[in-house]
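Peer 1: target-v1.cif (mmCIF, C-alpha atoms and all ligand atoms) pasted underneath:
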```
data_upload
loop_
_atom_site.label_atom_id
_atom_site.label_comp_id
_atom_site.auth_asym_id
_atom_site.auth_seq_id
_atom_site.Cartn_x
_atom_site.Cartn_y
_atom_site.Cartn_z
CA MET A 47 -23.74 -11.40 6.83
CA ALA A 48 -20.04 -11.08 6.22
CA PHE A 49 -17.05 -13.00 7.57
CA GLY A 50 -18.47 -16.49 7.20
CA LEU A 51 -20.80 -16.19 10.16
CA PRO A 52 -24.12 -18.00 9.82
CA ALA A 53 -26.48 -15.62 8.04
CA ASP A 54 -29.48 -16.82 9.98
CA GLY A 55 -29.79 -15.94 13.65
CA PHE A 56 -31.97 -19.00 14.27
CA TYR A 57 -29.24 -21.27 13.00
CA GLU A 58 -26.69 -19.39 15.07
CA SER A 59 -28.71 -19.98 18.24
CA PHE A 60 -29.09 -23.64 17.39
CA MET A 61 -25.36 -23.94 17.06
CA GLN A 62 -24.72 -22.38 20.43
CA PHE A 63 -27.34 -23.82 22.71
CA PRO A 64 -25.99 -27.37 22.88
CA LYS A 65 -22.71 -25.95 24.20
CA SER A 66 -24.06 -23.44 26.67
CA SER A 67 -27.05 -25.35 28.02
CA GLY A 68 -25.58 -28.80 27.98
CA SER A 69 -28.72 -30.13 26.30
CA THR A 70 -28.42 -32.43 23.34
CA GLY A 71 -30.63 -30.63 20.91
CA PHE A 72 -32.97 -27.78 20.24
CA SER A 73 -35.29 -28.00 23.22
CA GLN A 74 -38.82 -26.64 23.54
CA SER A 75 -37.84 -24.18 26.23
CA LYS A 76 -35.16 -22.63 24.07
CA ILE A 77 -37.67 -22.11 21.27
CA GLY A 78 -39.94 -20.54 23.88
CA ASP A 79 -37.17 -18.24 25.10
CA ARG A 80 -36.48 -17.19 21.61
CA LEU A 81 -40.10 -16.37 20.84
CA SER A 82 -40.60 -14.42 24.05
CA SER A 83 -37.37 -12.57 23.36
CA GLN A 84 -39.03 -11.23 20.22
CA TYR A 85 -41.82 -9.84 22.40
CA ASN A 86 -39.66 -8.03 24.91
CA LEU A 87 -37.44 -6.63 22.20
CA GLU A 88 -38.57 -3.07 22.99
CA GLU A 89 -37.68 -3.47 26.67
CA ARG A 90 -34.15 -4.43 25.77
CA LEU A 91 -33.66 -1.52 23.39
CA GLN A 92 -33.12 2.12 24.15
CA ILE A 93 -31.97 4.62 21.53
CA GLU A 94 -31.02 8.14 22.50
CA TYR A 95 -30.45 11.01 20.06
CA LEU A 96 -27.63 13.40 20.96
CA ILE A 97 -27.70 14.89 17.46
CA ASP A 98 -30.63 15.49 15.15
CA PRO A 99 -30.01 13.42 12.03
CA VAL A 100 -32.49 15.12 9.72
CA ASN A 101 -33.19 18.72 10.49
CA ALA A 102 -30.42 20.99 9.22
CA GLN A 103 -31.75 24.02 11.12
CA THR A 104 -30.90 22.49 14.48
CA ASN A 105 -27.56 21.44 13.10
CA LEU A 106 -26.00 24.79 12.42
CA GLU A 107 -23.55 24.36 15.22
CA SER A 108 -22.38 20.99 13.95
CA ALA A 109 -22.23 22.46 10.41
CA GLN A 110 -19.50 24.82 11.52
CA ASP A 111 -16.97 22.21 10.40
CA VAL A 112 -18.49 22.16 6.90
CA ILE A 113 -18.42 25.94 6.67
CA SER A 114 -14.81 26.27 7.79
CA GLY A 115 -13.62 23.27 5.76
CA LEU A 116 -15.06 24.64 2.53
CA SER A 117 -13.90 28.20 3.22
CA GLN A 118 -10.24 27.20 3.58
CA THR A 119 -7.60 26.57 0.94
CA PRO A 120 -7.10 23.70 0.34
CA LYS A 121 -10.70 22.69 0.93
CA SER A 122 -11.60 19.77 3.18
CA LEU A 123 -14.64 18.08 4.71
CA PRO A 124 -14.97 15.90 7.84
CA PRO A 125 -15.19 12.19 6.95
CA ARG A 126 -18.23 11.71 9.17
CA TYR A 127 -20.30 13.30 6.38
CA PHE A 128 -19.78 10.07 4.42
CA TYR A 129 -22.19 8.30 6.68
CA ASP A 130 -25.76 9.15 5.85
CA ASP A 131 -27.82 5.98 5.49
CA ARG A 132 -26.80 5.54 1.85
CA GLY A 133 -23.12 6.14 2.71
CA SER A 134 -23.28 3.55 5.48
CA GLN A 135 -24.67 1.06 2.96
CA LEU A 136 -21.90 1.87 0.49
CA PHE A 137 -19.33 1.39 3.23
CA GLU A 138 -20.77 -2.06 3.93
CA GLN A 139 -20.24 -2.84 0.23
CA ILE A 140 -16.65 -1.58 0.43
CA CYS A 141 -16.02 -4.05 3.26
CA GLU A 142 -16.90 -6.92 0.91
CA LEU A 143 -14.63 -5.79 -1.95
CA PRO A 144 -11.75 -8.12 -2.86
CA GLU A 145 -9.27 -5.21 -2.73
CA TYR A 146 -10.45 -3.92 0.65
CA TYR A 147 -8.51 -6.29 2.92
CA LEU A 148 -9.12 -4.30 6.15
CA THR A 149 -12.47 -5.64 7.31
CA ARG A 150 -11.86 -9.31 6.65
CA THR A 151 -8.36 -9.17 8.13
CA GLU A 152 -9.63 -7.57 11.32
CA ALA A 153 -12.56 -10.00 11.46
CA ALA A 154 -10.15 -12.92 11.22
CA ILE A 155 -8.22 -11.54 14.20
CA PHE A 156 -11.48 -11.27 16.16
CA GLN A 157 -12.43 -14.76 15.06
CA GLU A 158 -9.27 -16.07 16.64
CA TYR A 159 -8.87 -13.89 19.72
CA ALA A 160 -12.33 -12.73 20.84
CA GLY A 161 -12.27 -15.46 23.48
CA ALA A 162 -8.95 -14.20 24.84
CA ILE A 163 -10.32 -10.64 24.98
CA ALA A 164 -13.38 -11.78 26.95
CA GLN A 165 -11.19 -13.68 29.40
CA LEU A 166 -8.88 -10.72 29.91
CA THR A 167 -11.62 -8.17 30.60
CA GLY A 168 -14.22 -10.31 32.38
CA ALA A 169 -17.89 -9.27 32.26
CA CYS A 170 -18.09 -5.79 30.79
CA GLU A 171 -20.25 -3.31 28.97
CA ILE A 172 -19.16 -3.06 25.34
CA VAL A 173 -19.20 0.52 24.05
CA GLU A 174 -18.54 0.91 20.34
CA LEU A 175 -17.67 4.16 18.59
CA GLY A 176 -18.86 4.08 14.97
CA SER A 177 -20.72 0.82 15.33
CA GLY A 178 -22.17 0.71 11.80
CA SER A 179 -23.52 -2.76 11.05
CA SER A 180 -21.88 -4.17 14.23
CA SER A 181 -20.82 -7.31 12.32
CA LYS A 182 -17.41 -7.69 13.96
CA THR A 183 -18.99 -6.95 17.33
CA ARG A 184 -20.93 -10.20 16.98
CA LEU A 185 -17.68 -12.09 17.37
CA LEU A 186 -17.14 -10.30 20.69
CA LEU A 187 -20.72 -10.85 21.84
CA ASP A 188 -20.38 -14.56 21.02
CA ALA A 189 -17.23 -14.75 23.13
CA TYR A 190 -18.76 -12.93 26.12
CA GLN A 191 -21.88 -15.07 25.82
CA GLN A 192 -19.78 -18.21 25.83
CA GLN A 193 -18.14 -17.08 29.09
CA GLY A 194 -21.66 -16.76 30.49
CA TYR A 195 -21.33 -12.99 30.96
CA PRO A 196 -24.36 -10.67 30.74
CA LEU A 197 -24.44 -8.89 27.38
CA ARG A 198 -24.68 -5.13 27.38
CA TYR A 199 -23.90 -3.14 24.29
CA LEU A 200 -23.75 0.60 23.79
CA PRO A 201 -23.37 1.34 20.06
CA ILE A 202 -22.65 4.91 18.98
CA ASP A 203 -23.12 6.06 15.39
CA VAL A 204 -24.02 9.23 13.49
CA SER A 205 -26.26 7.25 11.15
CA ALA A 206 -29.59 6.64 12.92
CA GLY A 207 -30.82 4.23 10.25
CA ILE A 208 -27.98 1.76 10.51
CA LEU A 209 -27.81 2.08 14.30
CA GLU A 210 -31.44 1.14 14.78
CA SER A 211 -31.61 -1.62 12.18
CA SER A 212 -28.45 -3.35 13.41
CA ALA A 213 -29.61 -3.02 17.02
CA ARG A 214 -32.88 -4.78 16.17
CA THR A 215 -31.12 -7.56 14.30
CA LEU A 216 -28.73 -8.10 17.22
CA LEU A 217 -31.58 -8.23 19.77
CA ALA A 218 -33.35 -10.87 17.72
CA ASP A 219 -30.17 -12.97 17.60
CA TYR A 220 -29.00 -12.57 21.23
CA SER A 221 -31.89 -13.18 23.60
CA SER A 222 -30.19 -11.83 26.73
CA LEU A 223 -28.63 -8.77 25.10
CA LYS A 224 -29.53 -5.26 26.24
CA ILE A 225 -28.73 -2.34 23.97
CA HIS A 226 -28.49 1.35 24.74
CA GLY A 227 -27.66 3.10 21.46
CA LEU A 228 -26.57 6.70 20.98
CA VAL A 229 -27.08 8.60 17.73
CA SER A 230 -24.13 10.88 18.27
CA THR A 231 -20.67 12.05 17.31
CA TYR A 232 -17.84 10.39 19.27
CA GLU A 233 -16.91 13.53 21.19
CA LEU A 234 -20.42 14.17 22.46
CA ALA A 235 -20.98 10.52 23.36
CA LEU A 236 -17.70 10.25 25.27
CA GLU A 237 -18.61 13.31 27.32
CA ARG A 238 -22.04 11.90 28.18
CA LEU A 239 -21.23 8.29 29.09
CA SER A 240 -22.92 7.40 32.36
CA PRO A 241 -21.27 4.87 34.71
CA ALA A 242 -21.22 1.30 33.38
CA PRO A 243 -23.97 -1.00 34.69
CA LEU A 244 -21.47 -3.88 34.77
CA PRO A 245 -18.21 -4.28 36.76
CA THR A 246 -16.19 -2.82 33.94
CA ARG A 247 -16.43 -1.26 30.51
CA MET A 248 -14.58 -1.60 27.22
CA ILE A 249 -14.66 1.18 24.65
CA CYS A 250 -14.11 -0.29 21.17
CA PHE A 251 -12.79 1.79 18.31
CA ILE A 252 -12.20 -0.76 15.60
CA GLY A 253 -12.03 -0.84 11.79
CA SER A 254 -9.13 1.65 11.78
CA THR A 255 -11.46 4.63 12.05
CA LEU A 256 -8.62 6.13 14.09
CA GLY A 257 -6.88 6.58 10.72
CA ASN A 258 -9.28 9.42 9.93
CA LEU A 259 -7.69 11.55 12.66
CA ASN A 260 -4.50 13.50 12.07
CA PRO A 261 -1.79 13.22 14.76
CA ASP A 262 -3.08 16.23 16.72
CA GLU A 263 -6.68 15.03 16.64
CA CYS A 264 -5.44 11.61 17.64
CA HIS A 265 -3.82 12.99 20.82
CA VAL A 266 -7.01 14.82 21.77
CA PHE A 267 -9.05 11.71 21.06
CA PHE A 268 -6.88 9.48 23.29
CA SER A 269 -7.27 12.00 26.10
CA GLN A 270 -11.05 11.91 25.64
CA ILE A 271 -10.95 8.12 25.88
CA THR A 272 -8.80 8.26 29.02
CA GLN A 273 -11.26 10.68 30.59
CA ALA A 274 -14.29 8.61 29.68
CA LEU A 275 -12.78 5.50 31.33
CA GLN A 276 -12.43 4.70 35.02
CA PRO A 277 -9.03 3.33 36.13
CA GLY A 278 -8.88 -0.36 35.21
CA GLU A 279 -11.39 -0.07 32.36
CA TYR A 280 -10.51 -1.09 28.79
CA PHE A 281 -9.98 0.40 25.35
CA LEU A 282 -9.94 -1.92 22.33
CA LEU A 283 -8.36 -0.36 19.25
CA GLY A 284 -8.22 -1.80 15.71
CA ILE A 285 -5.75 -0.17 13.32
CA ASP A 286 -4.53 -0.66 9.78
CA LEU A 287 -0.74 -1.06 9.60
CA GLN A 288 1.86 0.28 7.16
CA LYS A 289 2.29 -1.86 4.05
CA PRO A 290 3.34 -1.52 0.38
CA LYS A 291 1.78 1.33 -1.56
CA GLY A 292 0.35 -0.93 -4.27
CA LEU A 293 -1.83 -2.88 -1.83
CA LEU A 294 -3.07 0.32 -0.22
CA GLU A 295 -3.89 2.17 -3.41
CA ALA A 296 -5.83 -0.84 -4.77
CA ALA A 297 -7.94 -0.88 -1.60
CA TYR A 298 -8.98 2.75 -2.10
CA ASN A 299 -9.42 2.62 -5.90
CA ASP A 300 -11.45 -0.54 -6.33
CA SER A 301 -12.22 -1.85 -9.81
CA GLN A 302 -16.00 -1.77 -9.26
CA GLY A 303 -16.02 1.93 -8.39
CA VAL A 304 -17.74 1.47 -5.02
CA THR A 305 -15.16 3.65 -3.25
CA ALA A 306 -15.71 6.36 -5.88
CA ALA A 307 -19.48 6.19 -5.29
CA PHE A 308 -18.89 6.33 -1.51
CA ASN A 309 -16.69 9.40 -1.88
CA LEU A 310 -19.12 11.22 -4.22
CA ASN A 311 -22.07 10.35 -1.98
CA MET A 312 -20.70 12.83 0.55
CA LEU A 313 -21.70 15.61 -1.85
CA SER A 314 -25.23 14.28 -2.21
CA HIS A 315 -25.44 14.03 1.60
CA LEU A 316 -24.45 17.72 1.84
CA ASN A 317 -27.05 18.56 -0.83
CA GLN A 318 -29.80 16.90 1.19
CA ARG A 319 -28.67 18.13 4.54
CA PHE A 320 -27.86 21.74 3.73
CA GLY A 321 -29.92 22.50 0.62
CA GLY A 322 -26.95 22.20 -1.70
CA ASN A 323 -26.61 21.91 -5.47
CA PHE A 324 -23.40 19.91 -5.94
CA ASP A 325 -23.60 18.24 -9.37
CA LEU A 326 -22.09 14.78 -8.84
CA ASN A 327 -21.23 14.57 -12.55
CA GLN A 328 -18.91 17.54 -12.21
CA PHE A 329 -16.68 16.00 -9.53
CA GLU A 330 -14.53 12.88 -9.51
CA HIS A 331 -13.01 10.51 -6.96
CA TRP A 332 -9.22 10.76 -6.52
CA SER A 333 -7.16 8.87 -3.98
CA PHE A 334 -3.49 8.00 -3.46
CA TYR A 335 -1.02 6.95 -0.76
CA ASN A 336 1.05 9.77 0.69
CA GLU A 337 4.14 7.79 1.68
CA SER A 338 5.84 10.45 3.77
CA LEU A 339 2.75 10.95 5.96
CA HIS A 340 1.81 7.23 5.82
CA GLN A 341 -1.72 8.05 4.82
CA ILE A 342 -4.23 7.41 2.07
CA GLU A 343 -5.76 10.71 0.96
CA MET A 344 -9.18 10.78 -0.67
CA HIS A 345 -10.23 13.84 -2.58
CA LEU A 346 -13.21 15.05 -4.60
CA ARG A 347 -11.88 16.85 -7.65
CA SER A 348 -13.84 19.52 -9.50
CA LEU A 349 -13.92 18.80 -13.24
CA LYS A 350 -14.44 22.45 -14.20
CA ALA A 351 -14.66 25.99 -12.85
CA GLN A 352 -17.94 26.10 -10.96
CA THR A 353 -19.76 27.67 -8.04
CA VAL A 354 -21.78 25.49 -5.70
CA GLU A 355 -24.33 26.74 -3.20
CA LEU A 356 -25.28 25.39 0.19
CA GLN A 357 -28.45 27.38 0.71
CA ASP A 358 -29.16 26.50 4.35
CA LEU A 359 -25.65 27.60 5.30
CA GLY A 360 -25.77 30.75 3.14
CA MET A 361 -22.63 29.66 1.31
CA ALA A 362 -21.44 29.97 -2.27
CA ILE A 363 -18.30 27.93 -2.91
CA ALA A 364 -16.12 28.65 -5.95
CA PHE A 365 -14.00 25.90 -7.50
CA GLN A 366 -11.11 26.21 -9.94
CA PRO A 367 -10.91 23.50 -12.61
CA GLY A 368 -9.13 20.54 -10.95
CA GLU A 369 -9.43 21.97 -7.45
CA THR A 370 -9.98 19.31 -4.79
CA ILE A 371 -11.76 18.82 -1.49
CA LEU A 372 -9.89 16.51 0.90
CA SER A 373 -12.68 14.22 2.12
CA GLU A 374 -10.62 11.74 4.14
CA ILE A 375 -7.22 10.76 5.37
CA SER A 376 -6.75 7.12 6.30
CA ARG A 377 -3.53 6.79 8.25
CA LYS A 378 -1.54 3.58 8.35
CA PHE A 379 0.16 2.93 11.67
CA ASP A 380 3.34 1.55 13.14
CA LEU A 381 2.49 -0.79 16.03
CA THR A 382 5.40 0.15 18.31
CA GLN A 383 4.79 3.85 17.84
CA ILE A 384 1.08 3.64 18.58
CA GLN A 385 1.72 1.50 21.66
CA GLN A 386 4.03 4.20 22.99
CA GLU A 387 1.51 6.95 22.29
CA LEU A 388 -1.24 5.03 24.04
CA SER A 389 0.77 4.34 27.15
CA ALA A 390 1.88 7.98 27.28
CA LYS A 391 -1.84 8.86 27.36
CA GLY A 392 -2.53 6.56 30.30
CA LEU A 393 -3.85 3.74 28.14
CA GLN A 394 -1.53 0.79 28.78
CA PRO A 395 -1.49 -1.79 25.95
CA ILE A 396 -1.83 -5.14 27.73
CA GLN A 397 -2.07 -7.36 24.65
CA THR A 398 -1.63 -6.86 20.90
CA TRP A 399 -2.78 -9.24 18.16
CA THR A 400 -2.13 -9.18 14.41
CA ASP A 401 -2.68 -11.41 11.37
CA LEU A 402 0.15 -13.44 9.80
CA ASN A 403 0.94 -10.72 7.24
CA GLN A 404 0.95 -8.05 9.97
CA TRP A 405 -1.52 -6.05 7.91
CA PHE A 406 -3.83 -5.13 10.76
CA GLY A 407 -3.42 -4.72 14.51
CA LEU A 408 -5.80 -5.11 17.45
CA LEU A 409 -4.71 -3.64 20.79
CA LEU A 410 -6.34 -4.16 24.17
CA CYS A 411 -5.40 -1.32 26.51
CA GLN A 412 -6.25 -0.68 30.14
CA ARG A 413 -6.52 2.69 31.80
CA HIS A 414 -3.77 3.28 34.34
CA ASN A 415 -4.55 3.44 38.02
CA SER A 416 -3.63 7.11 38.33
C1 LIG A 501 -13.93 3.44 8.03
C2 LIG A 501 -12.26 5.11 8.07
C3 LIG A 501 -11.65 2.83 8.34
O1 LIG A 501 -10.26 4.56 6.07
O2 LIG A 501 -10.44 2.57 5.25
C4 LIG A 501 -13.01 3.03 3.12
C5 LIG A 501 -13.22 4.42 5.29
N1 LIG A 501 -12.72 5.15 2.96
N2 LIG A 501 -12.73 3.33 1.84
C6 LIG A 501 -10.92 3.57 5.78
C7 LIG A 501 -12.97 4.19 3.83
C8 LIG A 501 -12.58 4.59 1.74
C9 LIG A 501 -12.41 3.54 6.17
N3 LIG A 501 -12.57 3.76 7.62
#
```
Please lay out the structure from this file as structure tokens.

Peer 2:
Amino acid sequence: MAFGLPADGFYESFMQFPKSSGSTGFSQSKIGDRLSSQYNLEERLQIEYLIDPVNAQTNLESAQDVISGLSQTPKSLPPRYFYDDRGSQLFEQICELPEYYLTRTEAAIFQEYAGAIAQLTGACEIVELGSGSSSKTRLLLDAYQQQGYPLRYLPIDVSAGILESSARTLLADYSSLKIHGLVSTYELALERLSPAPLPTRMICFIGSTLGNLNPDECHVFFSQITQALQPGEYFLLGIDLQKPKGLLEAAYNDSQGVTAAFNLNMLSHLNQRFGGNFDLNQFEHWSFYNESLHQIEMHLRSLKAQTVELQDLGMAIAFQPGETILSEISRKFDLTQIQQELSAKGLQPIQTWTDLNQWFGLLLCQRHNS
């Protein structure tokens, strides 16, 4: 478990019960609650598949983005193809890297202000886009639990493996938590959200995943959020802020090569998913900070002239020596500018928190009453 949280859920419960129950120790009944919570685990868990994670045949529609991205010049691929189960694991490793300041900086902000967030929103259903391991979400759940609010969590992720395993771990650690998970892309999930079972709802998009969207996509995305929310409901956004190039480039070119492995894993994901024959030894990781666009760009560079096939998509893709596929942009934001964009989209920033260095920003927004 990252971020200095107790690794053991049992220990975590022990730490919290004296506060919430007013008892002086670890009482029999709490042990009983905990054991029975293991038994009704299935009742508290529901996982719905809006996309099929394994079978490429049923995925031809979603593969349209792969086909068009690889047919264009310059070539590109959508970053969500990073996240097969292996890619999600590699991303968890990235989060622990000394150079990758994002996760621990955001976690420290949560550590300090999760209580304030819970007080501002009141009892609410927590919806998380790109939930991954849900480790930062624990800090929110702790805060809502401490307020005595019911805990309802709706994680959304394209990786079924990580969604299910983190859901099970959370249920074991939070005995009153109910989880309704969606294996889905963000767009699909936002369209399908049913009304919240609690007085309000907060959609969380943290970890600076927003940085993967270009400005146009960002506008569309904010509109989708506005539409998915009722007036008065909340949007919690975590974004990486602009900072010196050296710090940024180190974070995306780590010395252990984990980021390189993460980038190259996208090709092995495409091989498995679409019957491809990308040779991972014939491509390399390349990333740099584009200062005029304020974005990290990650590419996969072909080391020679080669043709790669994706059999299930009926594609043959020719590469020049040195030709690249843009696999990700990771934009770095200006707080004032993003606040203006959000409020123009009907998402009023009501509170913004950052760390002392102003490296990372967390914004709580509320949908306008119009
Ligand atoms: C998950 C999109 C926020 O952009 O920093 C990490 C992904 N890519 N290292 C980021 C990523 C390379 C990450 N996001």

Peer 1: Show me, as JSON, the centre and edge lengths in Å to one decimal of the axis-aligned box that covers every listed atom of region 127-136 of chain A with 4 Å on each side.

Peer 2:
```
{"center_x": -23.8, "center_y": 7.2, "center_z": 3.6, "size_x": 16.0, "size_y": 20.2, "size_z": 14.2}
```

Peer 1: Find, counting all atoms listed in the file, the residue in A:Gly368, A:Pro261, A:Pro395, A:Pro201 that gets nearest to Thr382 (chain A).

Peer 2: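 Nearest candidate to Thr382 (chain A) out of A:Gly368, A:Pro261, A:Pro395, A:Pro201: A:Pro395.
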
Peer 1: CA of Gly292 (chain A) and CA of Leu388 (chain A), how far apart in Å?

Peer 2: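 CA of Gly292 (chain A) lies at a distance of 29.0 Å from CA of Leu388 (chain A).
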
Peer 1: Report the distance between CA of Leu143 (chain A) and CA of Asn260 (chain A) in Å, rounded to one decimal place.

Peer 2: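 For CA of Leu143 (chain A) relative to CA of Asn260 (chain A), the distance reads 25.9 Å.
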
Peer 1: Provide the atom N2 of ligand LIG 501 (chain A) to CA of Asp203 (chain A) distance in Å, to one decimal place.

Peer 2: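 Atom-to-atom, atom N2 of ligand LIG 501 (chain A) to CA of Asp203 (chain A), that is 17.3 Å.
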
Peer 1: How close does chain A get to ligand LIG 501 (chain A)? List, as JSON lines, each residue of chain A within 9 Å, its nearest atom pair and the distance in Å to one decimal, counting only C-alpha atoms and all ligand atoms.

Peer 2:
```
{"residue": "A:Pro125", "atom": "CA", "partner": "A:LIG501", "partner_atom": "C2", "distance": 7.7}
{"residue": "A:Arg126", "atom": "CA", "partner": "A:LIG501", "partner_atom": "C2", "distance": 9.0}
{"residue": "A:Phe128", "atom": "CA", "partner": "A:LIG501", "partner_atom": "C5", "distance": 8.7}
{"residue": "A:Phe137", "atom": "CA", "partner": "A:LIG501", "partner_atom": "C4", "distance": 6.5}
{"residue": "A:Ile140", "atom": "CA", "partner": "A:LIG501", "partner_atom": "N2", "distance": 6.4}
{"residue": "A:Cys141", "atom": "CA", "partner": "A:LIG501", "partner_atom": "C4", "distance": 7.7}
{"residue": "A:Tyr146", "atom": "CA", "partner": "A:LIG501", "partner_atom": "N2", "distance": 7.7}
{"residue": "A:Leu148", "atom": "CA", "partner": "A:LIG501", "partner_atom": "O2", "distance": 7.1}
{"residue": "A:Thr149", "atom": "CA", "partner": "A:LIG501", "partner_atom": "C3", "distance": 8.6}
{"residue": "A:Gly176", "atom": "CA", "partner": "A:LIG501", "partner_atom": "C1", "distance": 8.5}
{"residue": "A:Ile252", "atom": "CA", "partner": "A:LIG501", "partner_atom": "C3", "distance": 8.1}
{"residue": "A:Gly253", "atom": "CA", "partner": "A:LIG501", "partner_atom": "C3", "distance": 5.1}
{"residue": "A:Ser254", "atom": "CA", "partner": "A:LIG501", "partner_atom": "C3", "distance": 4.4}
{"residue": "A:Thr255", "atom": "CA", "partner": "A:LIG501", "partner_atom": "C2", "distance": 4.1}
{"residue": "A:Leu256", "atom": "CA", "partner": "A:LIG501", "partner_atom": "C2", "distance": 7.1}
{"residue": "A:Gly257", "atom": "CA", "partner": "A:LIG501", "partner_atom": "O1", "distance": 6.1}
{"residue": "A:Asn258", "atom": "CA", "partner": "A:LIG501", "partner_atom": "C2", "distance": 5.6}
{"residue": "A:Ile285", "atom": "CA", "partner": "A:LIG501", "partner_atom": "C3", "distance": 8.3}
{"residue": "A:Asp286", "atom": "CA", "partner": "A:LIG501", "partner_atom": "C3", "distance": 8.1}
{"residue": "A:Ala297", "atom": "CA", "partner": "A:LIG501", "partner_atom": "N2", "distance": 7.2}
{"residue": "A:Tyr298", "atom": "CA", "partner": "A:LIG501", "partner_atom": "N2", "distance": 5.5}
{"residue": "A:Asn299", "atom": "CA", "partner": "A:LIG501", "partner_atom": "N2", "distance": 8.4}
{"residue": "A:Val304", "atom": "CA", "partner": "A:LIG501", "partner_atom": "N2", "distance": 8.7}
{"residue": "A:Thr305", "atom": "CA", "partner": "A:LIG501", "partner_atom": "N2", "distance": 5.6}
{"residue": "A:Ala306", "atom": "CA", "partner": "A:LIG501", "partner_atom": "C8", "distance": 8.4}
{"residue": "A:Phe308", "atom": "CA", "partner": "A:LIG501", "partner_atom": "C8", "distance": 7.3}
{"residue": "A:Asn309", "atom": "CA", "partner": "A:LIG501", "partner_atom": "C8", "distance": 7.3}
{"residue": "A:Ser333", "atom": "CA", "partner": "A:LIG501", "partner_atom": "C8", "distance": 9.0}
{"residue": "A:Ile342", "atom": "CA", "partner": "A:LIG501", "partner_atom": "O1", "distance": 7.8}
{"residue": "A:Met344", "atom": "CA", "partner": "A:LIG501", "partner_atom": "C8", "distance": 7.5}
{"residue": "A:Glu374", "atom": "CA", "partner": "A:LIG501", "partner_atom": "N1", "distance": 7.0}
{"residue": "A:Ile375", "atom": "CA", "partner": "A:LIG501", "partner_atom": "O1", "distance": 6.9}
{"residue": "A:Ser376", "atom": "CA", "partner": "A:LIG501", "partner_atom": "O1", "distance": 4.4}
{"residue": "A:Arg377", "atom": "CA", "partner": "A:LIG501", "partner_atom": "O1", "distance": 7.4}
```

Peer 1: Which polymer residues, whether protein, DNA or RNA, lie within 9 Å of the coordinate (-31.0, 0.4, 17.2) when you count only C-alpha atoms? List them as a short mmCIF file (atom, residue, chain, number, x, y, z; two decimals) with C-alpha atoms, in the frame of the given file, using the chain letters and numbers from the file.

Peer 2:
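Written output follows (point.cif):
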```cif
data_model
loop_
_atom_site.label_atom_id
_atom_site.label_comp_id
_atom_site.auth_asym_id
_atom_site.auth_seq_id
_atom_site.Cartn_x
_atom_site.Cartn_y
_atom_site.Cartn_z
CA LEU A 91 -33.66 -1.52 23.39
CA GLN A 92 -33.12 2.12 24.15
CA ILE A 93 -31.97 4.62 21.53
CA PRO A 201 -23.37 1.34 20.06
CA ALA A 206 -29.59 6.64 12.92
CA GLY A 207 -30.82 4.23 10.25
CA ILE A 208 -27.98 1.76 10.51
CA LEU A 209 -27.81 2.08 14.30
CA GLU A 210 -31.44 1.14 14.78
CA SER A 211 -31.61 -1.62 12.18
CA SER A 212 -28.45 -3.35 13.41
CA ALA A 213 -29.61 -3.02 17.02
CA ARG A 214 -32.88 -4.78 16.17
CA THR A 215 -31.12 -7.56 14.30
CA LEU A 216 -28.73 -8.10 17.22
CA ILE A 225 -28.73 -2.34 23.97
CA HIS A 226 -28.49 1.35 24.74
CA GLY A 227 -27.66 3.10 21.46
CA LEU A 228 -26.57 6.70 20.98
#
```

Peer 1: Using all atoms listed in the file, determine which residues lie at most 10 Å from Gln397 (chain A), disregarding the query and same-chain residues fewer than 3 positions distant; provide the list as a PyMOL selection string.

Peer 2: chain A and resi 162-163+166+282+394+408-412

Peer 1: Quick one: everything within 7 Å of region 117-123 of chain A, counting only C-alpha atoms, minus sequence neighbours fewer than 6 positions away in the same chain. Send it as a PyMOL selection string.

Peer 2: chain A and resi 370-373

Peer 1: Of the residues A:Ser269, A:Ser338, A:Gln302, A:Gln385, which is the one nearest to Pro144 (chain A), using all atoms listed in the file?

Peer 2: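 Residue with the minimum atom-to-atom distance to Pro144 (chain A): A:Gln302.
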
Peer 1: Kindly indicate which residue among A:Ala218, A:Gln192, A:Arg150, A:Glu279 lies nearest to Cys170 (chain A), using only C-alpha atoms for the distances.

Peer 2: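 When distances to Cys170 (chain A) are compared using only C-alpha atoms, the smallest one comes from A:Glu279.
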
Peer 1: A:Met248, A:Ile271, A:Met361, A:Leu87: which is nearest Leu116 (chain A), counting only C-alpha atoms?

Peer 2: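 Smallest distance to Leu116 (chain A) is found for A:Met361.
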
Peer 1: Pick the closest to Ala153 (chain A) from A:Leu186, A:Gly168, A:Gln404, A:Asp130: which is it, counting all atoms listed in the file?

Peer 2: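 The shortest atom-to-atom distance to Ala153 (chain A) comes from A:Leu186.
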
Peer 1: If we draw a sphere of 8 Å around (1.3, -1.9, 15.2), which residues have at least one atom in it when counting all atoms listed in the file? Please report them as a list in words.

Peer 2: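 Nearby residues: Ile285, Leu287, Phe379, Asp380, Leu381, Thr382, Gln383, Ile384, Gln385, Phe406 and Gly407 of chain A.
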
Peer 1: Just C-alpha atoms for this one: save the residues we selected as a short mmCIF file (atom, residue, chain, number, x, y, z; two decimals), in the frame of the given file.

Peer 2:
```
data_model
loop_
_atom_site.label_atom_id
_atom_site.label_comp_id
_atom_site.auth_asym_id
_atom_site.auth_seq_id
_atom_site.Cartn_x
_atom_site.Cartn_y
_atom_site.Cartn_z
CA ILE A 285 -5.75 -0.17 13.32
CA LEU A 287 -0.74 -1.06 9.60
CA PHE A 379 0.16 2.93 11.67
CA ASP A 380 3.34 1.55 13.14
CA LEU A 381 2.49 -0.79 16.03
CA THR A 382 5.40 0.15 18.31
CA GLN A 383 4.79 3.85 17.84
CA ILE A 384 1.08 3.64 18.58
CA GLN A 385 1.72 1.50 21.66
CA PHE A 406 -3.83 -5.13 10.76
CA GLY A 407 -3.42 -4.72 14.51
#
```
